[in-house]
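Have a look at entry_2.pdb; it's PDB, C-alpha atoms:
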ATOM      1  CA  MET M  30       0.000   0.000   0.000
ATOM      2  CA  GLY M  31       2.798   2.428   0.796
ATOM      3  CA  LEU M  32       4.437   1.875  -2.588
ATOM      4  CA  SER M  33       1.115   2.357  -4.343
ATOM      5  CA  ALA M  34       0.502   5.592  -2.441
ATOM      6  CA  ALA M  35       3.950   6.928  -3.305
ATOM      7  CA  VAL M  36       4.019   5.897  -6.961
ATOM      8  CA  VAL M  37       0.412   6.105  -8.128
ATOM      9  CA  PHE M  38      -0.536   9.105  -5.948
ATOM     10  CA  GLY M  39      -4.012   9.149  -7.383
ATOM     11  CA  GLY M  40      -6.255   9.552  -4.361
ATOM     12  CA  SER M  41      -9.350   7.440  -4.788
ATOM     13  CA  PHE M  42      -7.990   5.893  -7.986
ATOM     14  CA  GLU M  43      -5.089   4.460  -6.024
ATOM     15  CA  PHE M  44      -7.488   2.312  -4.017
ATOM     16  CA  LEU M  45      -9.558   1.458  -7.077
ATOM     17  CA  LEU M  46      -6.414   0.407  -8.933
ATOM     18  CA  ILE M  47      -5.415  -2.101  -6.269
ATOM     19  CA  GLY M  48      -8.787  -3.831  -6.566
ATOM     20  CA  MET M  49      -8.663  -3.760 -10.354
ATOM     21  CA  VAL M  50      -5.141  -5.215 -10.504
ATOM     22  CA  THR M  51      -5.922  -7.987  -8.019
ATOM     23  CA  ALA M  52      -9.053  -8.829 -10.049
ATOM     24  CA  SER M  53      -6.956  -8.885 -13.263
ATOM     25  CA  ALA M  54      -9.027  -6.179 -14.943
ATOM     26  CA  PRO M  55      -8.177  -5.475 -18.594
ATOM     27  CA  LEU M  56      -5.710  -2.647 -19.181
ATOM     28  CA  ALA M  57      -8.315  -0.705 -21.193
ATOM     29  CA  THR M  58     -10.705  -0.813 -18.216
ATOM     30  CA  ILE M  59      -7.974   0.434 -15.882
ATOM     31  CA  ALA M  60      -7.064   3.238 -18.286
ATOM     32  CA  LEU M  61     -10.678   4.333 -18.752
ATOM     33  CA  SER M  62     -11.241   4.278 -14.979
ATOM     34  CA  ALA M  63      -8.116   6.373 -14.420
ATOM     35  CA  LEU M  64      -9.326   8.887 -16.990
ATOM     36  CA  LEU M  65     -12.817   9.156 -15.521
ATOM     37  CA  VAL M  66     -11.631   9.470 -11.929
ATOM     38  CA  ASN M  67      -8.915  12.034 -12.665
ATOM     39  CA  VAL M  68     -10.356  14.029 -15.586
ATOM     40  CA  ARG M  69     -10.851  17.012 -13.267
ATOM     41  CA  HIS M  70      -7.071  17.536 -13.352
ATOM     42  CA  VAL M  71      -7.413  18.678 -16.963
ATOM     43  CA  PHE M  72      -9.421  21.636 -15.709
ATOM     44  CA  TYR M  73      -7.039  22.248 -12.813
ATOM     45  CA  THR M  74      -4.218  22.959 -15.236
ATOM     46  CA  LEU M  75      -6.089  25.911 -16.685
ATOM     47  CA  SER M  76      -5.596  27.971 -13.528
ATOM     48  CA  PHE M  77      -2.807  26.205 -11.609
ATOM     49  CA  PRO M  78       0.305  28.439 -11.413
ATOM     50  CA  LEU M  79       2.638  25.979 -13.173
ATOM     51  CA  HIS M  80       4.265  28.918 -14.953
ATOM     52  CA  ARG M  81       5.962  29.847 -11.658
ATOM     53  CA  VAL M  82       7.634  26.449 -11.334
ATOM     54  CA  ARG M  83      11.116  26.360 -12.872
ATOM     55  CA  GLY M  84      12.873  23.568 -14.761
ATOM     56  CA  ARG M  85      11.698  20.443 -16.542
ATOM     57  CA  PHE M  86      11.937  18.239 -13.470
ATOM     58  CA  GLY M  87      10.056  20.794 -11.354
ATOM     59  CA  LYS M  88       7.262  21.147 -13.909
ATOM     60  CA  ALA M  89       7.062  17.372 -14.401
ATOM     61  CA  TYR M  90       6.858  16.715 -10.662
ATOM     62  CA  SER M  91       4.376  19.539 -10.136
ATOM     63  CA  THR M  92       2.155  18.063 -12.847
ATOM     64  CA  TYR M  93       2.507  14.564 -11.361
ATOM     65  CA  ALA M  94       1.860  15.749  -7.795
ATOM     66  CA  MET M  95      -1.278  17.691  -8.691
ATOM     67  CA  CYS M  96      -3.957  16.919  -6.136
ATOM     68  CA  ASP M  97      -7.124  18.622  -4.968
ATOM     69  CA  GLU M  98      -5.458  20.036  -1.863
ATOM     70  CA  ALA M  99      -2.475  21.454  -3.765
ATOM     71  CA  TYR M 100      -4.791  23.054  -6.288
ATOM     72  CA  ALA M 101      -6.973  24.594  -3.581
ATOM     73  CA  LEU M 102      -3.991  26.044  -1.727
ATOM     74  CA  ALA M 103      -1.878  27.168  -4.704
ATOM     75  CA  THR M 104      -4.689  28.960  -6.527
ATOM     76  CA  GLY M 105      -6.089  30.822  -3.545
ATOM     77  CA  GLU M 106      -5.864  34.569  -3.054
ATOM     78  CA  GLN M 107      -2.966  34.354  -0.579
ATOM     79  CA  ALA M 108      -0.928  32.120  -2.916
ATOM     80  CA  ARG M 109      -0.720  34.634  -5.758
ATOM     81  CA  THR M 110       2.754  35.686  -4.630
ATOM     82  CA  TRP M 111       4.119  32.206  -3.906
ATOM     83  CA  SER M 112       7.284  31.192  -5.682
ATOM     84  CA  GLY M 113       7.587  28.025  -7.738
ATOM     85  CA  ARG M 114       9.842  26.580  -5.040
ATOM     86  CA  ARG M 115       7.121  27.085  -2.405
ATOM     87  CA  ILE M 116       4.512  25.455  -4.656
ATOM     88  CA  LEU M 117       6.820  22.464  -5.212
ATOM     89  CA  TRP M 118       7.467  22.107  -1.478
ATOM     90  CA  LEU M 119       3.735  22.254  -0.822
ATOM     91  CA  GLN M 120       3.122  19.503  -3.356
ATOM     92  CA  PHE M 121       6.013  17.389  -2.068
ATOM     93  CA  LEU M 122       4.809  17.641   1.534
ATOM     94  CA  LEU M 123       1.236  16.778   0.519
ATOM     95  CA  HIS M 124       2.578  13.795  -1.437
ATOM     96  CA  LEU M 125       4.673  12.698   1.547
ATOM     97  CA  TYR M 126       1.715  13.133   3.890
ATOM     98  CA  TRP M 127      -0.535  11.061   1.607
ATOM     99  CA  ALA M 128       1.977   8.245   1.179
ATOM    100  CA  GLY M 129       2.832   8.203   4.894
ATOM    101  CA  SER M 130      -0.746   8.240   6.109
ATOM    102  CA  SER M 131      -1.787   5.588   3.567
ATOM    103  CA  THR M 132       1.047   3.364   4.731
ATOM    104  CA  ALA M 133       0.192   3.949   8.399
ATOM    105  CA  GLY M 134      -3.477   3.268   7.674
ATOM    106  CA  ALA M 135      -2.642   0.008   5.889
ATOM    107  CA  LEU M 136      -0.387  -1.115   8.741
ATOM    108  CA  LEU M 137      -2.903  -0.191  11.432
ATOM    109  CA  GLY M 138      -5.748  -1.659   9.377
ATOM    110  CA  SER M 139      -3.966  -4.996   9.244
ATOM    111  CA  LEU M 140      -4.255  -5.134  13.049
ATOM    112  CA  ILE M 141      -8.066  -5.043  12.949
ATOM    113  CA  PRO M 142      -9.510  -8.550  13.298
ATOM    114  CA  ASP M 143     -11.626  -9.910  10.443
ATOM    115  CA  SER M 144     -14.533 -10.313  12.857
ATOM    116  CA  VAL M 145     -14.980  -6.515  13.095
ATOM    117  CA  THR M 146     -17.781  -5.404  10.798
ATOM    118  CA  GLY M 147     -19.163  -2.051   9.734
ATOM    119  CA  LEU M 148     -15.905  -0.218   9.024
ATOM    120  CA  ASP M 149     -16.637  -0.268   5.303
ATOM    121  CA  PHE M 150     -19.386   2.249   6.032
ATOM    122  CA  ALA M 151     -16.965   4.765   7.608
ATOM    123  CA  PRO M 152     -16.038   6.605   4.359
ATOM    124  CA  THR M 153     -19.729   6.866   3.419
ATOM    125  CA  ALA M 154     -20.507   8.314   6.848
ATOM    126  CA  LEU M 155     -17.599  10.758   6.554
ATOM    127  CA  PHE M 156     -18.773  12.083   3.180
ATOM    128  CA  THR M 157     -22.353  12.268   4.429
ATOM    129  CA  VAL M 158     -21.248  14.472   7.327
ATOM    130  CA  LEU M 159     -19.164  16.641   4.982
ATOM    131  CA  ALA M 160     -22.142  17.008   2.638
ATOM    132  CA  LEU M 161     -24.433  17.964   5.521
ATOM    133  CA  ASP M 162     -21.952  20.621   6.659
ATOM    134  CA  ALA M 163     -21.822  21.996   3.117
ATOM    135  CA  VAL M 164     -25.626  22.093   2.964
ATOM    136  CA  ARG M 165     -25.742  23.936   6.290
ATOM    137  CA  ASP M 166     -23.383  26.553   4.870
ATOM    138  CA  LEU M 167     -25.585  26.946   1.780
ATOM    139  CA  ARG M 168     -28.839  26.981   3.738
ATOM    140  CA  GLY M 169     -29.636  30.552   2.792
ATOM    141  CA  ASP M 170     -28.664  30.033  -0.845
ATOM    142  CA  ALA M 171     -30.522  26.846  -1.754
ATOM    143  CA  PRO M 172     -34.258  26.179  -1.670
ATOM    144  CA  THR M 173     -34.554  24.134   1.497
ATOM    145  CA  LEU M 174     -37.743  22.351   0.521
ATOM    146  CA  VAL M 175     -36.113  21.034  -2.657
ATOM    147  CA  LEU M 176     -33.026  19.851  -0.750
ATOM    148  CA  ALA M 177     -35.158  18.072   1.853
ATOM    149  CA  VAL M 178     -37.241  16.365  -0.831
ATOM    150  CA  LEU M 179     -34.185  15.325  -2.875
ATOM    151  CA  SER M 180     -32.480  13.962   0.255
ATOM    152  CA  ALA M 181     -35.589  11.999   1.192
ATOM    153  CA  LEU M 182     -35.880  10.682  -2.350
ATOM    154  CA  ALA M 183     -32.251   9.548  -2.315
ATOM    155  CA  VAL M 184     -32.795   7.721   0.983
ATOM    156  CA  THR M 185     -35.989   6.100  -0.332
ATOM    157  CA  VAL M 186     -34.300   4.869  -3.523
ATOM    158  CA  GLY M 187     -31.179   3.762  -1.646
ATOM    159  CA  LEU M 188     -33.166   1.776   0.903
ATOM    160  CA  HIS M 189     -35.267   0.213  -1.824
ATOM    161  CA  LEU M 190     -32.202  -0.842  -3.810
ATOM    162  CA  TRP M 191     -30.674  -2.246  -0.640
ATOM    163  CA  HIS M 192     -33.664  -4.121   0.860
ATOM    164  CA  ARG M 193     -36.075  -4.444  -2.093
ATOM    165  CA  ASP M 194     -38.965  -3.730   0.266
ATOM    166  CA  ALA M 195     -41.236  -0.733  -0.351
ATOM    167  CA  LEU M 196     -42.486  -0.164   3.206
ATOM    168  CA  PRO M 197     -39.083   0.412   4.927
ATOM    169  CA  SER M 198     -37.991   2.484   1.928
ATOM    170  CA  ILE M 199     -41.003   4.794   2.143
ATOM    171  CA  LEU M 200     -40.786   5.022   5.930
ATOM    172  CA  GLY M 201     -37.061   5.782   5.779
ATOM    173  CA  GLY M 202     -37.555   8.469   3.135
ATOM    174  CA  THR M 203     -40.445  10.027   5.039
ATOM    175  CA  ALA M 204     -38.483  10.018   8.295
ATOM    176  CA  THR M 205     -35.538  11.612   6.504
ATOM    177  CA  HIS M 206     -37.722  14.357   5.052
ATOM    178  CA  VAL M 207     -39.431  15.132   8.371
ATOM    179  CA  ASN M 208     -36.099  15.140  10.210
ATOM    180  CA  LEU M 209     -34.330  17.368   7.656
ATOM    181  CA  ALA M 210     -37.246  19.754   7.199
ATOM    182  CA  SER M 211     -37.565  20.256  10.950
ATOM    183  CA  THR M 212     -33.864  20.490  11.843
ATOM    184  CA  LEU M 213     -31.206  21.016   9.204
ATOM    185  CA  PHE M 214     -33.388  22.920   6.724
ATOM    186  CA  ALA M 215     -35.575  24.698   9.273
ATOM    187  CA  ARG M 216     -35.659  28.470   8.822
TER     188      ARG M 216
END
Written as structure tokens, that's how I'd like the structure from this file.
Amino acid sequence: MGLSAAVVFGGSFEFLLIGMVTASAPLATIALSALLVNVRHVFYTLSFPLHRVRGRFGKAYSTYAMCDEAYALATGEQARTWSGRRILWLQFLLHLYWAGSSTAGALLGSLIPDSVTGLDFAPTALFTVLALDAVRDLRGDAPTLVLAVLSALAVTVGLHLWHRDALPSILGGTATHVNLASTLFAR
């Protein structure tokens, strides 16, 4: 895992790649998946300050080490005066942090017994919480009724796809709507 994190350095694609390689996926499938997961980097290059980075090696590494965090930091208002050297150091430290934390996570994860269940839901829960925080920040900007209805609809469909039973799906969606409309989206 540590080698994959250091060499591939592709965020979510790194984890997808490991599964695809162990399942002997065709090279064309791997290439298409890599393109679809990382196509946003094409748009990053339009405003990333690569022109400040000097030398072929520096530009090549800066292009390779492009990640969401580096883009967000290097294109912000405060970064307009950053030198190419500072941008490269930022990217190197983010790369080192990613590879180190992925390696530590893999090592610590290997200590968890196989009998422990439910950890596969942790990333979903994390992104759900992040999405809810983002919605709270946009509360005044977005029509709250529409957001509550769409959230309830997503829960209803998700539960139905999971359990294939209409009653729990409808109850779950209704409970979600009532809960969101009275708490998170309340005016």
Compile a residue-level contact table for region 118-163 of chain M against region 82-92 of chain M at a cut-off of 10 Å, reporting for every qualifying residue the shortest atom pair and its distance in Å to one decimal, with all atoms listed in the file counted, rows ordered by chain and ascending number, as a Markdown table.
| residue | atom | partner | partner_atom | distance |
| --- | --- | --- | --- | --- |
| M:Trp118 | CA | M:Ser91 | CA | 9.5 |
| M:Leu119 | CA | M:Ser91 | CA | 9.7 |
| M:Gln120 | CA | M:Ser91 | CA | 6.9 |
| M:Phe121 | CA | M:Ser91 | CA | 8.5 |
Hey, can you spit out that residue selection with C-alpha atoms as a short mmCIF file (atom, residue, chain, number, x, y, z; two decimals), in the coordinates of the input?
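The result, written out as again.cif:
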data_model
loop_
_atom_site.label_atom_id
_atom_site.label_comp_id
_atom_site.auth_asym_id
_atom_site.auth_seq_id
_atom_site.Cartn_x
_atom_site.Cartn_y
_atom_site.Cartn_z
CA TRP M 118 7.47 22.11 -1.48
CA LEU M 119 3.74 22.25 -0.82
CA GLN M 120 3.12 19.50 -3.36
CA PHE M 121 6.01 17.39 -2.07
#
As a check of understanding: the span from CA of Ser139 (chain M) to CA of Phe44 (chain M) is 15.5 Å
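Distances here use only C-alpha atoms; by that measure, the residue among M:Asn208, M:Ser33, M:Thr74, M:Thr203 closest to Leu182 (chain M) is M:Thr203.
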Matched chain/residue IDs from the PyMOL selection byres ((chain M and resi 205) around 12), as an NGL selection string | :M and (176-185 or 188 or 197-204 or 206-214)
To verify the selection step, state as JSON, numbers by chain which residues the PyMOL selection byres ((chain M and resi 35-39) around 10) yields on this input.
-> {"M": [30, 31, 32, 33, 34, 40, 41, 42, 43, 44, 45, 46, 63, 66, 67, 93, 94, 95, 96, 124, 125, 126, 127, 128, 129, 131, 132]}
Å distance separating CA of Pro78 (chain M) from CA of Tyr100 (chain M), one decimal place |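 Going from CA of Pro78 (chain M) over to CA of Tyr100 (chain M), I get 9.0 Å.
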Pick from M:Trp191, M:Leu64, M:Leu140, M:Ile116: nearest to Ala99 (chain M), with only C-alpha atoms counted?
->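 Under the stated criterion, the closest residue is M:Ile116.
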All residues 12 Å or closer to Thr104 (chain M), only C-alpha atoms, same chain fewer than 6 positions away omitted, as JSON, numbers by chain | {"M": [73, 74, 75, 76, 77, 78, 79, 81, 95, 97, 98, 110, 111, 116]}
Can you tell me how far CA of Leu122 (chain M) sits from CA of Gly134 (chain M), in Å to one decimal?
->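 Computing the Euclidean distance for CA of Leu122 (chain M) and CA of Gly134 (chain M) yields 17.7 Å.
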When you get a chance, write out N, CA and C atoms for region 50-61 of chain M, as a PDB file, in the coordinates of the input.
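Result file follows (out_12.pdb):
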ATOM      1  N   VAL M  50      -6.316  -4.389 -10.194  1.00  0.00           N
ATOM      2  CA  VAL M  50      -5.141  -5.215 -10.504  1.00  0.00           C
ATOM      3  C   VAL M  50      -5.294  -6.602  -9.892  1.00  0.00           C
ATOM      4  N   THR M  51      -5.756  -6.670  -8.643  1.00  0.00           N
ATOM      5  CA  THR M  51      -5.922  -7.987  -8.019  1.00  0.00           C
ATOM      6  C   THR M  51      -7.025  -8.799  -8.683  1.00  0.00           C
ATOM      7  N   ALA M  52      -7.985  -8.132  -9.333  1.00  0.00           N
ATOM      8  CA  ALA M  52      -9.053  -8.829 -10.049  1.00  0.00           C
ATOM      9  C   ALA M  52      -8.676  -9.072 -11.509  1.00  0.00           C
ATOM     10  N   SER M  53      -7.452  -8.715 -11.887  1.00  0.00           N
ATOM     11  CA  SER M  53      -6.956  -8.885 -13.263  1.00  0.00           C
ATOM     12  C   SER M  53      -7.852  -8.191 -14.293  1.00  0.00           C
ATOM     13  N   ALA M  54      -8.209  -6.959 -14.013  1.00  0.00           N
ATOM     14  CA  ALA M  54      -9.027  -6.179 -14.943  1.00  0.00           C
ATOM     15  C   ALA M  54      -8.218  -5.887 -16.212  1.00  0.00           C
ATOM     16  N   PRO M  55      -8.889  -5.811 -17.350  1.00  0.00           N
ATOM     17  CA  PRO M  55      -8.177  -5.475 -18.594  1.00  0.00           C
ATOM     18  C   PRO M  55      -7.553  -4.079 -18.517  1.00  0.00           C
ATOM     19  N   LEU M  56      -6.433  -3.918 -19.195  1.00  0.00           N
ATOM     20  CA  LEU M  56      -5.710  -2.647 -19.181  1.00  0.00           C
ATOM     21  C   LEU M  56      -6.589  -1.506 -19.675  1.00  0.00           C
ATOM     22  N   ALA M  57      -7.424  -1.758 -20.673  1.00  0.00           N
ATOM     23  CA  ALA M  57      -8.315  -0.705 -21.193  1.00  0.00           C
ATOM     24  C   ALA M  57      -9.297  -0.252 -20.115  1.00  0.00           C
ATOM     25  N   THR M  58      -9.787  -1.164 -19.312  1.00  0.00           N
ATOM     26  CA  THR M  58     -10.705  -0.813 -18.216  1.00  0.00           C
ATOM     27  C   THR M  58      -9.992   0.035 -17.179  1.00  0.00           C
ATOM     28  N   ILE M  59      -8.764  -0.337 -16.854  1.00  0.00           N
ATOM     29  CA  ILE M  59      -7.974   0.434 -15.882  1.00  0.00           C
ATOM     30  C   ILE M  59      -7.715   1.835 -16.421  1.00  0.00           C
ATOM     31  N   ALA M  60      -7.344   1.930 -17.687  1.00  0.00           N
ATOM     32  CA  ALA M  60      -7.064   3.238 -18.286  1.00  0.00           C
ATOM     33  C   ALA M  60      -8.307   4.119 -18.326  1.00  0.00           C
ATOM     34  N   LEU M  61      -9.432   3.560 -18.707  1.00  0.00           N
ATOM     35  CA  LEU M  61     -10.678   4.333 -18.752  1.00  0.00           C
ATOM     36  C   LEU M  61     -11.083   4.786 -17.343  1.00  0.00           C
TER      37      LEU M  61
END
